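*Asks:* I'm passing along entry39.pdb; it holds PDB, C-alpha atoms.
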ATOM      1  CA  MET M 746     -41.610   0.897  23.701
ATOM      2  CA  PHE M 747     -42.586   2.242  27.081
ATOM      3  CA  LYS M 748     -41.157  -0.953  28.585
ATOM      4  CA  ILE M 749     -37.742  -0.285  27.063
ATOM      5  CA  ILE M 750     -37.618   3.274  28.400
ATOM      6  CA  LEU M 751     -38.648   2.016  31.825
ATOM      7  CA  ILE M 752     -35.863  -0.585  31.727
ATOM      8  CA  MET M 753     -33.371   2.107  30.782
ATOM      9  CA  ALA M 754     -34.606   4.372  33.565
ATOM     10  CA  SER M 755     -34.080   1.598  36.113
ATOM     11  CA  GLY M 756     -30.598   1.123  34.638
ATOM     12  CA  ILE M 757     -29.861   4.816  35.181
ATOM     13  CA  LEU M 758     -30.964   4.498  38.791
ATOM     14  CA  ALA M 759     -28.814   1.372  39.253
ATOM     15  CA  GLY M 760     -25.872   3.158  37.633
ATOM     16  CA  TRP M 761     -26.252   6.114  39.956
ATOM     17  CA  LEU M 762     -26.272   3.787  42.968
ATOM     18  CA  LEU M 763     -23.193   1.983  41.625
ATOM     19  CA  ARG M 764     -21.371   5.172  40.610
ATOM     20  CA  ARG M 765     -18.449   4.627  42.953
ATOM     21  CA  ARG M 766     -17.835   1.051  41.782
ATOM     22  CA  ASN M 767     -15.518   0.035  39.009
ATOM     23  CA  LEU M 768     -17.731  -0.535  35.980
ATOM     24  CA  ARG M 769     -15.082  -1.632  33.507
ATOM     25  CA  LEU M 770     -16.951  -4.877  32.825
ATOM     26  CA  LEU M 771     -19.980  -2.893  31.664
ATOM     27  CA  GLY M 772     -18.373  -1.748  28.413
ATOM     28  CA  ARG M 773     -17.535  -5.359  27.531
ATOM     29  CA  ILE M 774     -21.075  -6.556  28.214
ATOM     30  CA  ILE M 775     -22.487  -3.729  26.095
ATOM     31  CA  SER M 776     -20.140  -4.600  23.207
ATOM     32  CA  VAL M 777     -21.094  -8.283  23.303
ATOM     33  CA  LEU M 778     -24.817  -7.478  23.388
ATOM     34  CA  ILE M 779     -24.407  -5.085  20.461
ATOM     35  CA  TRP M 780     -22.534  -7.732  18.473
ATOM     36  CA  LEU M 781     -25.259 -10.278  19.223
ATOM     37  CA  LEU M 782     -28.033  -7.884  18.220
ATOM     38  CA  LEU M 783     -26.351  -6.851  14.984
ATOM     39  CA  PHE M 784     -25.699 -10.490  14.187
ATOM     40  CA  LEU M 785     -29.432 -11.095  14.696
ATOM     41  CA  LEU M 786     -30.252  -8.071  12.512
ATOM     42  CA  GLY M 787     -28.042  -9.681   9.863
ATOM     43  CA  VAL M 788     -29.856 -13.013  10.247
ATOM     44  CA  GLU M 789     -33.185 -11.272   9.815
ATOM     45  CA  ALA M 790     -32.016  -9.179   6.857
ATOM     46  CA  GLY M 791     -30.238 -12.124   5.219
ATOM     47  CA  GLY M 792     -33.312 -14.312   5.499
ATOM     48  CA  ASP M 793     -35.403 -11.662   3.739
ATOM     49  CA  GLU M 794     -34.952 -11.961  -0.022
ATOM     50  CA  ARG M 795     -36.339  -8.478  -0.639
ATOM     51  CA  ILE M 796     -33.600  -6.886   1.495
ATOM     52  CA  VAL M 797     -30.791  -9.023   0.048
ATOM     53  CA  LYS M 798     -31.754  -8.061  -3.493
ATOM     54  CA  GLY M 799     -32.110  -4.390  -2.612
ATOM     55  CA  ILE M 800     -28.965  -3.952  -0.493
ATOM     56  CA  ALA M 801     -27.291  -1.623  -3.020
ATOM     57  CA  SER M 802     -30.266   0.711  -3.235
ATOM     58  CA  LEU M 803     -30.738   0.580   0.561
ATOM     59  CA  GLY M 804     -27.092   1.621   0.925
ATOM     60  CA  MET M 805     -27.572   4.469  -1.521
ATOM     61  CA  GLU M 806     -30.654   5.606   0.368
ATOM     62  CA  ALA M 807     -28.707   5.456   3.643
ATOM     63  CA  LEU M 808     -25.918   7.616   2.216
ATOM     64  CA  VAL M 809     -28.368  10.239   0.938
ATOM     65  CA  ILE M 810     -30.261  10.424   4.262
ATOM     66  CA  THR M 811     -27.005  10.833   6.180
ATOM     67  CA  SER M 812     -25.747  13.540   3.823
ATOM     68  CA  GLY M 813     -28.949  15.457   4.533
ATOM     69  CA  GLY M 814     -28.417  15.132   8.284
ATOM     70  CA  VAL M 815     -24.759  16.135   8.125
ATOM     71  CA  ALA M 816     -25.494  19.120   5.858
ATOM     72  CA  GLY M 817     -28.396  20.335   8.019
ATOM     73  CA  SER M 818     -26.456  20.123  11.273
ATOM     74  CA  SER M 819     -23.303  21.673   9.752
ATOM     75  CA  ILE M 820     -25.228  24.693   8.438
ATOM     76  CA  LEU M 821     -26.824  25.317  11.839
ATOM     77  CA  ALA M 822     -23.461  24.787  13.571
ATOM     78  CA  TYR M 823     -22.021  27.474  11.286
ATOM     79  CA  ALA M 824     -24.808  29.850  12.308
ATOM     80  CA  LEU M 825     -24.156  29.149  15.997
ATOM     81  CA  TRP M 826     -20.441  29.779  15.512
ATOM     82  CA  ARG M 827     -21.189  33.176  13.920
ATOM     83  CA  VAL M 828     -23.371  34.080  16.890
ATOM     84  CA  ALA M 829     -20.685  32.977  19.377
ATOM     85  CA  VAL M 830     -17.993  34.997  17.587
ATOM     86  CA  ARG M 831     -20.167  38.104  17.384
ATOM     87  CA  ARG M 832     -20.920  37.894  21.113
ATOM     88  CA  LYS M 833     -17.295  37.505  21.955
ATOM     89  CA  THR M 834     -16.205  40.556  19.956
ATOM     90  CA  ARG M 835     -19.040  42.619  21.411
ATOM     91  CA  GLU M 836     -18.015  41.627  24.948
ATOM     92  CA  SER M 837     -14.382  42.491  24.383
ATOM     93  CA  GLY M 838     -15.481  45.784  22.823
ATOM     94  CA  LYS M 839     -17.426  46.637  25.967
ATOM     95  CA  GLY M 840     -14.399  45.772  28.099
ATOM     96  CA  GLY M 841     -12.407  48.338  26.107
ATOM     97  CA  GLU M 842     -14.930  51.111  26.786
ATOM     98  CA  VAL M 843     -14.847  50.558  30.520
ATOM     99  CA  ARG M 844     -11.135  50.930  30.553
TER     100      ARG M 844
ATOM    101  CA  MET B 368     -12.837   2.608  13.216
ATOM    102  CA  LYS B 369     -11.830  -0.873  14.375
ATOM    103  CA  GLY B 370     -15.035  -1.023  16.407
ATOM    104  CA  SER B 371     -17.078  -0.248  13.303
ATOM    105  CA  LEU B 372     -15.343  -3.011  11.368
ATOM    106  CA  ILE B 373     -16.149  -5.587  14.051
ATOM    107  CA  ILE B 374     -19.784  -4.436  14.071
ATOM    108  CA  VAL B 375     -20.031  -4.685  10.290
ATOM    109  CA  GLY B 376     -18.326  -8.090  10.546
ATOM    110  CA  PHE B 377     -21.015  -9.427  12.863
ATOM    111  CA  PHE B 378     -23.728  -7.955  10.674
ATOM    112  CA  ILE B 379     -22.251  -9.649   7.584
ATOM    113  CA  LEU B 380     -21.867 -12.960   9.435
ATOM    114  CA  GLY B 381     -25.541 -12.695  10.349
ATOM    115  CA  ILE B 382     -26.491 -11.984   6.738
ATOM    116  CA  ILE B 383     -24.566 -15.064   5.602
ATOM    117  CA  ALA B 384     -26.213 -17.205   8.281
ATOM    118  CA  GLY B 385     -29.614 -15.871   7.243
ATOM    119  CA  MET B 386     -29.056 -16.218   3.492
ATOM    120  CA  THR B 387     -27.779 -19.771   3.677
ATOM    121  CA  GLY B 388     -30.726 -20.681   5.882
ATOM    122  CA  LEU B 389     -28.367 -21.847   8.645
ATOM    123  CA  LEU B 390     -30.295 -19.784  11.137
ATOM    124  CA  HIS B 391     -33.773 -18.375  11.104
ATOM    125  CA  ILE B 392     -34.870 -15.543  13.339
ATOM    126  CA  ASP B 393     -37.909 -17.525  14.605
ATOM    127  CA  ASP B 394     -35.784 -20.551  15.571
ATOM    128  CA  PHE B 395     -35.109 -19.421  19.096
ATOM    129  CA  GLY B 396     -38.516 -20.080  20.633
ATOM    130  CA  PHE B 397     -38.514 -16.754  22.481
ATOM    131  CA  ASP B 398     -37.973 -13.211  21.380
ATOM    132  CA  VAL B 399     -34.211 -13.245  21.663
ATOM    133  CA  SER B 400     -33.713  -9.798  20.103
ATOM    134  CA  PHE B 401     -36.103  -8.133  22.513
ATOM    135  CA  THR B 402     -34.495  -9.843  25.510
ATOM    136  CA  ALA B 403     -31.025  -8.815  24.379
ATOM    137  CA  LEU B 404     -32.293  -5.297  23.650
ATOM    138  CA  ALA B 405     -33.764  -5.011  27.147
ATOM    139  CA  MET B 406     -30.450  -6.137  28.658
ATOM    140  CA  LEU B 407     -28.564  -3.687  26.464
ATOM    141  CA  MET B 408     -30.778  -0.774  27.477
ATOM    142  CA  PHE B 409     -30.329  -1.629  31.129
ATOM    143  CA  CYS B 410     -26.537  -1.589  30.683
ATOM    144  CA  VAL B 411     -26.639   1.663  28.714
ATOM    145  CA  GLY B 412     -28.697   3.129  31.553
ATOM    146  CA  ILE B 413     -26.094   2.038  34.115
ATOM    147  CA  GLY B 414     -23.411   3.743  32.029
ATOM    148  CA  VAL B 415     -25.347   7.002  31.889
ATOM    149  CA  GLY B 416     -26.327   6.909  35.569
ATOM    150  CA  SER B 417     -22.799   6.342  36.795
ATOM    151  CA  ASP B 418     -21.301   9.072  34.633
ATOM    152  CA  PHE B 419     -23.192  12.256  35.433
ATOM    153  CA  SER B 420     -19.892  13.664  36.680
ATOM    154  CA  ALA B 421     -18.807  14.137  33.063
ATOM    155  CA  LEU B 422     -21.358  16.916  32.755
ATOM    156  CA  LYS B 423     -20.063  18.847  35.748
ATOM    157  CA  SER B 424     -16.784  19.800  34.081
ATOM    158  CA  LEU B 425     -18.803  21.875  31.659
ATOM    159  CA  ARG B 426     -19.511  24.836  33.862
ATOM    160  CA  THR B 427     -16.355  26.351  32.458
ATOM    161  CA  GLN B 428     -17.605  26.303  28.857
ATOM    162  CA  SER B 429     -18.965  29.512  27.432
ATOM    163  CA  GLY B 430     -22.656  30.345  27.039
ATOM    164  CA  VAL B 431     -24.195  29.946  23.625
ATOM    165  CA  MET B 432     -21.949  27.104  22.534
ATOM    166  CA  LEU B 433     -23.675  24.896  25.086
ATOM    167  CA  LEU B 434     -26.612  24.923  22.671
ATOM    168  CA  LEU B 435     -24.585  22.894  20.179
ATOM    169  CA  PRO B 436     -26.244  19.505  20.908
ATOM    170  CA  LEU B 437     -29.661  21.063  20.330
ATOM    171  CA  ILE B 438     -28.382  22.650  17.124
ATOM    172  CA  THR B 439     -27.121  19.260  15.943
ATOM    173  CA  ILE B 440     -30.446  17.591  16.676
ATOM    174  CA  ILE B 441     -32.554  20.292  14.990
ATOM    175  CA  GLY B 442     -30.201  20.543  12.001
ATOM    176  CA  THR B 443     -30.144  16.779  11.460
ATOM    177  CA  LEU B 444     -33.905  16.457  11.698
ATOM    178  CA  ALA B 445     -34.416  19.411   9.332
ATOM    179  CA  GLY B 446     -31.945  17.922   6.855
ATOM    180  CA  CYS B 447     -33.605  14.499   7.004
ATOM    181  CA  SER B 448     -37.084  15.995   6.508
ATOM    182  CA  ALA B 449     -35.813  17.811   3.426
ATOM    183  CA  ILE B 450     -34.296  14.559   2.112
ATOM    184  CA  SER B 451     -37.566  12.705   2.673
ATOM    185  CA  LEU B 452     -38.974  14.683  -0.289
ATOM    186  CA  LEU B 453     -36.661  12.560  -2.459
ATOM    187  CA  PHE B 454     -38.163   9.330  -1.151
ATOM    188  CA  PRO B 455     -41.929   9.577  -1.477
ATOM    189  CA  ASP B 456     -42.322   5.865  -0.588
ATOM    190  CA  ARG B 457     -41.023   6.407   2.921
ATOM    191  CA  SER B 458     -42.769   8.341   5.638
ATOM    192  CA  VAL B 459     -41.131  11.417   7.157
ATOM    193  CA  SER B 460     -41.133   9.725  10.580
ATOM    194  CA  ASP B 461     -39.125   6.798   9.141
ATOM    195  CA  MET B 462     -36.534   9.264   7.849
ATOM    196  CA  LEU B 463     -36.421  11.105  11.156
ATOM    197  CA  ALA B 464     -36.015   7.819  13.056
ATOM    198  CA  VAL B 465     -33.032   6.918  10.854
ATOM    199  CA  GLY B 466     -31.573  10.423  11.260
ATOM    200  CA  SER B 467     -31.986  10.372  15.043
ATOM    201  CA  GLY B 468     -29.293   7.731  15.296
ATOM    202  CA  PHE B 469     -26.744  10.594  15.025
ATOM    203  CA  GLY B 470     -24.038   8.062  14.232
ATOM    204  CA  TYR B 471     -24.963   5.775  17.123
ATOM    205  CA  TYR B 472     -25.529   2.988  14.631
ATOM    206  CA  SER B 473     -25.727  -0.003  16.921
ATOM    207  CA  LEU B 474     -28.457   1.202  19.205
ATOM    208  CA  SER B 475     -30.547   3.027  16.617
ATOM    209  CA  SER B 476     -30.562   0.201  14.081
ATOM    210  CA  ILE B 477     -31.475  -2.313  16.754
ATOM    211  CA  PHE B 478     -34.372  -0.152  17.888
ATOM    212  CA  ILE B 479     -35.637   0.498  14.388
ATOM    213  CA  THR B 480     -35.437  -3.197  13.510
ATOM    214  CA  GLU B 481     -37.519  -3.969  16.569
ATOM    215  CA  TYR B 482     -40.242  -1.465  15.752
ATOM    216  CA  ARG B 483     -40.071  -0.921  11.988
ATOM    217  CA  GLY B 484     -38.601  -4.137  10.589
ATOM    218  CA  ALA B 485     -35.266  -5.293   9.225
ATOM    219  CA  GLU B 486     -35.371  -3.248   6.027
ATOM    220  CA  LEU B 487     -35.416   0.157   7.714
ATOM    221  CA  GLY B 488     -33.120  -1.277  10.402
ATOM    222  CA  THR B 489     -30.546  -2.056   7.713
ATOM    223  CA  ILE B 490     -30.875   1.452   6.283
ATOM    224  CA  ALA B 491     -30.408   2.875   9.784
ATOM    225  CA  LEU B 492     -27.279   0.798  10.353
ATOM    226  CA  LEU B 493     -25.719   1.841   7.045
ATOM    227  CA  ALA B 494     -26.796   5.495   7.369
ATOM    228  CA  ASN B 495     -25.337   5.890  10.844
ATOM    229  CA  ILE B 496     -22.086   4.114   9.990
ATOM    230  CA  CYS B 497     -21.882   6.524   7.036
ATOM    231  CA  ARG B 498     -22.212   9.443   9.436
ATOM    232  CA  GLU B 499     -19.168   8.317  11.375
ATOM    233  CA  ILE B 500     -17.157   7.664   8.218
ATOM    234  CA  ILE B 501     -18.167  10.983   6.590
ATOM    235  CA  THR B 502     -17.016  12.793   9.742
ATOM    236  CA  LEU B 503     -13.744  10.873   9.984
ATOM    237  CA  LEU B 504     -12.872  11.507   6.355
ATOM    238  CA  GLY B 505     -14.566  14.855   5.749
ATOM    239  CA  ALA B 506     -13.817  16.768   8.969
ATOM    240  CA  PRO B 507     -11.172  19.042   7.393
ATOM    241  CA  LEU B 508     -13.510  20.021   4.583
ATOM    242  CA  ILE B 509     -16.496  20.454   6.906
ATOM    243  CA  TYR B 510     -14.297  22.700   9.080
ATOM    244  CA  ARG B 511     -13.259  24.828   6.117
ATOM    245  CA  TRP B 512     -16.838  25.300   4.906
ATOM    246  CA  PHE B 513     -18.769  25.581   8.154
ATOM    247  CA  GLY B 514     -16.336  26.544  10.934
ATOM    248  CA  PRO B 515     -14.994  24.720  14.003
ATOM    249  CA  LEU B 516     -18.328  23.641  15.501
ATOM    250  CA  ALA B 517     -19.504  21.811  12.367
ATOM    251  CA  PRO B 518     -17.201  18.752  12.640
ATOM    252  CA  ILE B 519     -18.559  18.236  16.170
ATOM    253  CA  SER B 520     -22.136  18.503  14.899
ATOM    254  CA  SER B 521     -21.365  16.194  12.029
ATOM    255  CA  GLY B 522     -19.912  13.625  14.414
ATOM    256  CA  GLY B 523     -23.210  13.527  16.304
ATOM    257  CA  ALA B 524     -23.184  11.036  19.162
ATOM    258  CA  THR B 525     -19.695   9.875  18.173
ATOM    259  CA  SER B 526     -18.112  13.280  18.937
ATOM    260  CA  MET B 527     -17.173  12.003  22.400
ATOM    261  CA  ASP B 528     -15.336   8.858  21.316
ATOM    262  CA  THR B 529     -14.571   7.639  17.808
ATOM    263  CA  THR B 530     -14.498  11.008  16.032
ATOM    264  CA  LEU B 531     -13.034  12.974  18.977
ATOM    265  CA  PRO B 532      -9.411  12.627  17.796
ATOM    266  CA  ILE B 533     -10.104  14.023  14.336
ATOM    267  CA  ILE B 534     -12.261  16.824  15.785
ATOM    268  CA  THR B 535      -9.471  17.785  18.181
ATOM    269  CA  ASN B 536      -7.076  17.772  15.285
ATOM    270  CA  VAL B 537      -9.182  19.859  12.948
ATOM    271  CA  SER B 538     -11.076  22.280  15.239
ATOM    272  CA  GLY B 539      -8.459  22.586  17.977
ATOM    273  CA  LYS B 540      -7.804  21.384  21.524
ATOM    274  CA  GLU B 541     -10.034  24.052  23.068
ATOM    275  CA  PHE B 542     -13.057  22.198  21.659
ATOM    276  CA  VAL B 543     -12.374  18.863  23.391
ATOM    277  CA  VAL B 544     -14.649  19.423  26.372
ATOM    278  CA  LEU B 545     -17.418  20.863  24.206
ATOM    279  CA  SER B 546     -17.122  17.871  21.896
ATOM    280  CA  ILE B 547     -17.389  15.359  24.749
ATOM    281  CA  TYR B 548     -20.340  17.217  26.252
ATOM    282  CA  HIS B 549     -21.993  17.349  22.832
ATOM    283  CA  GLY B 550     -21.508  13.603  22.264
ATOM    284  CA  PHE B 551     -22.842  12.813  25.713
ATOM    285  CA  VAL B 552     -26.052  14.831  25.307
ATOM    286  CA  VAL B 553     -26.740  13.711  21.725
ATOM    287  CA  ASP B 554     -25.998  10.092  22.655
ATOM    288  CA  PHE B 555     -28.416  10.371  25.539
ATOM    289  CA  SER B 556     -31.160  11.652  23.223
ATOM    290  CA  VAL B 557     -30.897   8.736  20.766
ATOM    291  CA  PRO B 558     -33.116   6.127  22.476
ATOM    292  CA  PHE B 559     -35.761   8.733  23.240
ATOM    293  CA  LEU B 560     -35.892  10.329  19.780
ATOM    294  CA  VAL B 561     -35.737   7.016  17.911
ATOM    295  CA  THR B 562     -38.584   5.486  19.932
ATOM    296  CA  PHE B 563     -40.502   8.730  19.592
ATOM    297  CA  PHE B 564     -40.298   8.758  15.779
ATOM    298  CA  CYS B 565     -40.968   5.008  15.611
ATOM    299  CA  SER B 566     -44.247   5.501  17.446
ATOM    300  CA  PHE B 567     -45.907   7.329  14.537
TER     301      PHE B 567
END
Just give me the structure of the file as structure tokens.
*Replies:*
Amino acid sequence: MFKIILIMASGILAGWLLRRRNLRLLGRIISVLIWLLLFLLGVEAGGDERIVKGIASLGMEALVITSGGVAGSSILAYALWRVAVRRKTRESGKGGEVR
Amino acid sequence: MKGSLIIVGFFILGIIAGMTGLLHIDDFGFDVSFTALAMLMFCVGIGVGSDFSALKSLRTQSGVMLLLPLITIIGTLAGCSAISLLFPDRSVSDMLAVGSGFGYYSLSSIFITEYRGAELGTIALLANICREIITLLGAPLIYRWFGPLAPISSGGATSMDTTLPIITNVSGKEFVVLSIYHGFVVDFSVPFLVTFFCSF
């Protein structure tokens, strides 16, 4: 795992050095690698009878986990929005006093 | 959306190849997934390194709202921990690893497959595709219930590309820069958080 992070860090450094170049090709390469890797994930999952038989319940599990994540982040985002609004009204209130 | 369909297409093709026995993952003689993953991470790194300028435009954004990426990360992880009570067979760290994809399905599922096996990798792929789809379809409702920042949070790492149009539509144009910044930071956190939770 450490290896992967190290590889990414060297990529960041390379990207910073190349920042003035046109990197349009990069997006294509990334897409192709992602397709390849997801194809391989499919090969691995498809070759595993346990996964093939359980795909419906795995999908259900996935949906439930995601709903939890979306709900949790939405509730906190609502709280942050309340804080931002309250600050804004307080600031504009102060501005009124000065005048 | 078209991108997601292509991704799912390749995944399904792979499943067919695996089920029919046409291909087997050990056929290649070397660890082809790890090699491809290393190349991918290098390319992702180049993308991040060459694009720091995107963050500079943010100085104009107002104070507390800059915390939104952190809010998204904490909220998602809290939500996933709560959900893990429903699945006693799975460890909390597995759930958190799946949740830390934040909609970045390709990278997170690839990582999780590498470190936790194809079963959890498949869950991660489906869960993170769901996150994008839920945001695309549910943004108006999420906005009505939880305010203008929630669709951005819900979009996770995708708030800077695939779900940006619907967010702009629902929350308003003034949230575009915040949404891009949010996507950028959350996206950046994915490889670190996923590897972190996979290491338990």
*Asks:* Run through the ChimeraX specification (/B :<6) & /M on the given coordinates and return the selected residues as an NGL selection string.
*Replies:* :M and (752-753 or 756-757 or 759-761 or 764 or 783-784 or 787-792 or 803 or 807-808 or 810-811 or 813-815 or 817-819 or 821-823)
*Asks:* For a cutoff of 10 Å around the file-coordinate point (-11.3, 28.1, 19.8), which residues qualify once you count only C-alpha atoms? I'd like the result as a PyMOL selection string.
*Replies:* (chain M and resi 830) or (chain B and resi 515-516+538-543)
*Asks:* For CA of Arg483 (chain B) and CA of Phe551 (chain B), quote the distance in Å rounded to one decimal.
*Replies:*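 Rounded to one decimal, the two atoms are 26.0 Å apart.
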*Asks:* Find the residues near region 526-536 of chain B: any atom within 6 Å, counting all atoms listed in the file, skip ones fewer than 6 places away on the same chain, and give them as a ChimeraX atom specification.
*Replies:* /B:519,546-547,550
*Asks:* Quick one: pull the distance between CA of Leu762 (chain M) and CA of Ile750 (chain M), Å, one decimal.
*Replies:*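 One can read the CA of Leu762 (chain M) to CA of Ile750 (chain M) distance as 18.5 Å.
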*Asks:* Please report the interatomic distance between CA of Val561 (chain B) and CA of Ile749 (chain M) in Å with one decimal.
*Replies:*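 CA of Ile749 (chain M) lies 11.9 Å from CA of Val561 (chain B).
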